[in-house]
Amino acid sequence: MVRLTREPLDVAALLAAGGADGGVCLFVGVVRNENDGRPVRHLEYEAYEEMALPLMDQIVSDARRRWPVSEVRIVHRLGRLEIGETSVAVAVSAPHRAAAFEACRYAIDTLKATVPIWKKEFYADGAVWLEGPGAAPAEVSG
């Protein structure tokens, strides 16, 4: 399961383990109130959804091919997020914890490196685009 949404994430709904699963690994990304010593007011996420969703599906397929996992789920928020809100969640279940940990790390790292989702941080004195494939940080006033 992969999803992009503008609604708050229900992290508990991502946790799915079958009877053979002995481990569930969950990564949750949360909006923090500072970055590089600079106070953050809020974030905005944008995505090229028609490209992002197939790439997210590919991450799930690759993780399932590389490790003996039962389930891989990735959900990412879009739009405005306030401090403390969950921005992304990856949940992986597997018979053994090592595969769950490794596949979860692979999924979040690959998502951040390859999927066209961009993060804009807002400060008191302006804003900066920080993440996404090909994104070069650029100061935006306002």
# chains A, B, ... in the order shown; residues from 1 in each chain; ligands from 1
>>> residues_around(residues="A:Arg73", least_positions_apart="5", cutoff="10 Å", atoms="only C-alpha atoms", output="JSON, numbers by chain")
{"A": [1, 2, 3, 14, 15, 16, 26, 56, 57, 59, 60, 89, 90, 91, 92, 93, 104, 107]}
>>> select_by_dssp(residues="stretch 45-99 of chain A", states="alpha helix (DSSP H)", output="PyMOL selection string")
chain A and resi 49-66+97-99
>>> write_last_selection(atoms="C-alpha atoms", output="JSON list (two decimals), in the first residue's frame")
[["chain", "number", "residue", "atom", "x", "y", "z"],
["A", 49, "GLU", "CA", 1.69, 12.66, -7.83],
["A", 50, "GLU", "CA", 1.44, 10.92, -11.22],
["A", 51, "MET", "CA", 5.15, 10.11, -10.97],
["A", 52, "ALA", "CA", 5.46, 9.74, -7.19],
["A", 53, "LEU", "CA", 2.90, 6.96, -6.71],
["A", 54, "PRO", "CA", 4.41, 4.55, -9.28],
["A", 55, "LEU", "CA", 7.87, 5.19, -7.81],
["A", 56, "MET", "CA", 6.53, 4.47, -4.32],
["A", 57, "ASP", "CA", 4.98, 1.24, -5.66],
["A", 58, "GLN", "CA", 8.40, 0.34, -7.11],
["A", 59, "ILE", "CA", 10.05, 0.89, -3.72],
["A", 60, "VAL", "CA", 7.55, -1.53, -2.16],
["A", 61, "SER", "CA", 8.16, -4.11, -4.93],
["A", 62, "ASP", "CA", 11.93, -3.78, -4.60],
["A", 63, "ALA", "CA", 11.81, -4.17, -0.82],
["A", 64, "ARG", "CA", 9.62, -7.26, -1.14],
["A", 65, "ARG", "CA", 12.04, -8.72, -3.71],
["A", 66, "ARG", "CA", 15.19, -7.96, -1.65],
["A", 97, "ARG", "CA", 13.13, -8.25, 12.77],
["A", 98, "ALA", "CA", 16.34, -7.93, 10.72],
["A", 99, "ALA", "CA", 14.44, -8.02, 7.42]]
>>> atom_distance(atom1="atom CA of A:Pro116", atom2="atom CA of A:His76")
11.5 Å
>>> residues_around(residues="A:Glu46", least_positions_apart="3", cutoff="8 Å", atoms="only C-alpha atoms", output="list in words")
Leu78, Gly79, Ile117, Trp118 and Lys119 of chain A
>>> atom_distance(atom1="atom CA of A:Ser70", atom2="atom CA of A:Cys25")
11.7 Å
>>> closest_atom_pairs(of="stretch 61-132 of chain A", to="stretch 29-44 of chain A", cutoff="8 Å", atoms="only C-alpha atoms", output="Markdown table")
| residue | atom | partner | partner_atom | distance |
| --- | --- | --- | --- | --- |
| A:Leu78 | CA | A:Glu44 | CA | 6.9 |
| A:Gly79 | CA | A:Glu44 | CA | 5.0 |
| A:Arg80 | CA | A:Glu44 | CA | 4.3 |
| A:Leu81 | CA | A:Leu43 | CA | 5.2 |
| A:Glu82 | CA | A:His42 | CA | 4.9 |
| A:Ile83 | CA | A:Val31 | CA | 5.0 |
| A:Gly84 | CA | A:Val31 | CA | 5.1 |
| A:Glu85 | CA | A:Val30 | CA | 5.6 |
| A:Thr86 | CA | A:Val30 | CA | 4.4 |
| A:Ser87 | CA | A:Gly29 | CA | 5.5 |
| A:Val88 | CA | A:Gly29 | CA | 5.0 |
| A:Ala89 | CA | A:Gly29 | CA | 6.3 |
| A:Lys119 | CA | A:Glu44 | CA | 5.8 |
| A:Lys120 | CA | A:Glu44 | CA | 5.2 |
| A:Glu121 | CA | A:Leu43 | CA | 4.7 |
| A:Phe122 | CA | A:His42 | CA | 5.5 |
| A:Tyr123 | CA | A:Val40 | CA | 5.0 |
| A:Ala124 | CA | A:Arg41 | CA | 7.1 |
>>> select_by_dssp(residues="chain A", states="strand (DSSP E or B)", output="PyMOL selection string")
chain A and resi 2-5+23-30+34-35+38-39+42-47+71-77+79-82+86-94+117-123+126-131+138-140
>>> decode(residues="stretch 90-106 of chain A", atoms="all heavy atoms", output="mmCIF file, in the first residue's frame")
data_model
loop_
_atom_site.group_PDB
_atom_site.id
_atom_site.type_symbol
_atom_site.label_atom_id
_atom_site.label_comp_id
_atom_site.auth_asym_id
_atom_site.auth_seq_id
_atom_site.Cartn_x
_atom_site.Cartn_y
_atom_site.Cartn_z
ATOM 1 N N VAL A 90 6.481 4.779 7.230
ATOM 2 C CA VAL A 90 6.791 3.534 6.530
ATOM 3 C C VAL A 90 6.653 2.414 7.552
ATOM 4 O O VAL A 90 7.239 2.487 8.636
ATOM 5 C CB VAL A 90 8.231 3.542 5.961
ATOM 6 C CG1 VAL A 90 8.563 2.203 5.328
ATOM 7 C CG2 VAL A 90 8.424 4.680 4.977
ATOM 8 N N ALA A 91 5.872 1.402 7.194
ATOM 9 C CA ALA A 91 5.700 0.252 8.077
ATOM 10 C C ALA A 91 6.031 -1.022 7.299
ATOM 11 O O ALA A 91 5.564 -1.201 6.170
ATOM 12 C CB ALA A 91 4.268 0.177 8.599
ATOM 13 N N VAL A 92 6.847 -1.867 7.904
ATOM 14 C CA VAL A 92 7.244 -3.127 7.280
ATOM 15 C C VAL A 92 7.057 -4.242 8.295
ATOM 16 O O VAL A 92 7.526 -4.136 9.430
ATOM 17 C CB VAL A 92 8.723 -3.090 6.823
ATOM 18 C CG1 VAL A 92 9.123 -4.429 6.213
ATOM 19 C CG2 VAL A 92 8.959 -1.955 5.847
ATOM 20 N N SER A 93 6.387 -5.308 7.881
ATOM 21 C CA SER A 93 6.259 -6.483 8.741
ATOM 22 C C SER A 93 6.964 -7.659 8.070
ATOM 23 O O SER A 93 7.004 -7.768 6.843
ATOM 24 C CB SER A 93 4.793 -6.820 9.011
ATOM 25 O OG SER A 93 4.111 -7.113 7.812
ATOM 26 N N ALA A 94 7.542 -8.519 8.914
ATOM 27 C CA ALA A 94 8.316 -9.657 8.422
ATOM 28 C C ALA A 94 8.375 -10.735 9.498
ATOM 29 O O ALA A 94 8.164 -10.441 10.677
ATOM 30 C CB ALA A 94 9.729 -9.207 8.056
ATOM 31 N N PRO A 95 8.683 -11.948 9.097
ATOM 32 C CA PRO A 95 8.827 -12.999 10.102
ATOM 33 C C PRO A 95 9.932 -12.708 11.116
ATOM 34 O O PRO A 95 9.824 -13.096 12.268
ATOM 35 C CB PRO A 95 9.160 -14.245 9.270
ATOM 36 C CG PRO A 95 8.540 -13.980 7.936
ATOM 37 C CD PRO A 95 8.723 -12.483 7.737
ATOM 38 N N HIS A 96 10.992 -11.990 10.675
ATOM 39 C CA HIS A 96 12.115 -11.704 11.560
ATOM 40 C C HIS A 96 12.453 -10.213 11.519
ATOM 41 O O HIS A 96 12.339 -9.564 10.494
ATOM 42 C CB HIS A 96 13.338 -12.533 11.160
ATOM 43 C CG HIS A 96 13.062 -13.998 11.191
ATOM 44 N ND1 HIS A 96 12.961 -14.718 12.358
ATOM 45 C CD2 HIS A 96 12.810 -14.866 10.184
ATOM 46 C CE1 HIS A 96 12.683 -15.972 12.084
ATOM 47 N NE2 HIS A 96 12.578 -16.096 10.763
ATOM 48 N N ARG A 97 12.914 -9.685 12.640
ATOM 49 C CA ARG A 97 13.132 -8.246 12.767
ATOM 50 C C ARG A 97 14.199 -7.696 11.829
ATOM 51 O O ARG A 97 14.082 -6.566 11.361
ATOM 52 C CB ARG A 97 13.445 -7.876 14.210
ATOM 53 C CG ARG A 97 14.782 -8.348 14.720
ATOM 54 C CD ARG A 97 15.018 -7.921 16.169
ATOM 55 N NE ARG A 97 16.258 -8.481 16.665
ATOM 56 C CZ ARG A 97 16.366 -9.653 17.289
ATOM 57 N NH1 ARG A 97 15.282 -10.386 17.487
ATOM 58 N NH2 ARG A 97 17.537 -10.079 17.697
ATOM 59 N N ALA A 98 15.252 -8.451 11.555
ATOM 60 C CA ALA A 98 16.341 -7.925 10.716
ATOM 61 C C ALA A 98 15.808 -7.516 9.341
ATOM 62 O O ALA A 98 16.124 -6.433 8.847
ATOM 63 C CB ALA A 98 17.459 -8.947 10.579
ATOM 64 N N ALA A 99 14.998 -8.345 8.731
ATOM 65 C CA ALA A 99 14.439 -8.018 7.415
ATOM 66 C C ALA A 99 13.520 -6.805 7.505
ATOM 67 O O ALA A 99 13.537 -5.935 6.624
ATOM 68 C CB ALA A 99 13.684 -9.217 6.849
ATOM 69 N N ALA A 100 12.739 -6.725 8.572
ATOM 70 C CA ALA A 100 11.835 -5.582 8.746
ATOM 71 C C ALA A 100 12.634 -4.287 8.880
ATOM 72 O O ALA A 100 12.313 -3.287 8.239
ATOM 73 C CB ALA A 100 10.936 -5.794 9.961
ATOM 74 N N PHE A 101 13.688 -4.290 9.705
ATOM 75 C CA PHE A 101 14.528 -3.102 9.869
ATOM 76 C C PHE A 101 15.188 -2.696 8.551
ATOM 77 O O PHE A 101 15.169 -1.528 8.171
ATOM 78 C CB PHE A 101 15.634 -3.344 10.910
ATOM 79 C CG PHE A 101 15.200 -3.153 12.331
ATOM 80 C CD1 PHE A 101 15.260 -4.206 13.239
ATOM 81 C CD2 PHE A 101 14.772 -1.917 12.786
ATOM 82 C CE1 PHE A 101 14.879 -4.027 14.560
ATOM 83 C CE2 PHE A 101 14.394 -1.729 14.110
ATOM 84 C CZ PHE A 101 14.444 -2.793 14.988
ATOM 85 N N GLU A 102 15.796 -3.648 7.870
ATOM 86 C CA GLU A 102 16.525 -3.345 6.644
ATOM 87 C C GLU A 102 15.593 -2.830 5.546
ATOM 88 O O GLU A 102 15.907 -1.852 4.856
ATOM 89 C CB GLU A 102 17.296 -4.575 6.172
ATOM 90 C CG GLU A 102 18.450 -4.928 7.093
ATOM 91 C CD GLU A 102 19.075 -6.280 6.797
ATOM 92 O OE1 GLU A 102 18.851 -6.823 5.694
ATOM 93 O OE2 GLU A 102 19.790 -6.786 7.665
ATOM 94 N N ALA A 103 14.455 -3.471 5.376
ATOM 95 C CA ALA A 103 13.509 -3.044 4.340
ATOM 96 C C ALA A 103 12.911 -1.678 4.666
ATOM 97 O O ALA A 103 12.704 -0.850 3.769
ATOM 98 C CB ALA A 103 12.409 -4.086 4.174
ATOM 99 N N CYS A 104 12.665 -1.403 5.928
ATOM 100 C CA CYS A 104 12.116 -0.110 6.333
ATOM 101 C C CYS A 104 13.126 0.999 6.053
ATOM 102 O O CYS A 104 12.774 2.049 5.496
ATOM 103 C CB CYS A 104 11.725 -0.145 7.806
ATOM 104 S SG CYS A 104 10.781 1.291 8.340
ATOM 105 N N ARG A 105 14.364 0.777 6.410
ATOM 106 C CA ARG A 105 15.412 1.778 6.150
ATOM 107 C C ARG A 105 15.571 2.017 4.652
ATOM 108 O O ARG A 105 15.691 3.152 4.203
ATOM 109 C CB ARG A 105 16.728 1.310 6.765
ATOM 110 C CG ARG A 105 17.911 2.169 6.401
ATOM 111 C CD ARG A 105 18.291 3.001 7.563
ATOM 112 N NE ARG A 105 19.259 4.002 7.202
ATOM 113 C CZ ARG A 105 20.232 4.368 7.994
ATOM 114 N NH1 ARG A 105 20.376 3.797 9.164
ATOM 115 N NH2 ARG A 105 21.041 5.316 7.638
ATOM 116 N N TYR A 106 15.580 0.940 3.885
ATOM 117 C CA TYR A 106 15.680 1.062 2.429
ATOM 118 C C TYR A 106 14.509 1.891 1.880
ATOM 119 O O TYR A 106 14.705 2.782 1.050
ATOM 120 C CB TYR A 106 15.675 -0.336 1.781
ATOM 121 C CG TYR A 106 15.454 -0.296 0.306
ATOM 122 C CD1 TYR A 106 16.507 -0.015 -0.565
ATOM 123 C CD2 TYR A 106 14.190 -0.509 -0.227
ATOM 124 C CE1 TYR A 106 16.287 0.050 -1.928
ATOM 125 C CE2 TYR A 106 13.971 -0.440 -1.594
ATOM 126 C CZ TYR A 106 15.025 -0.160 -2.440
ATOM 127 O OH TYR A 106 14.809 -0.088 -3.795
#
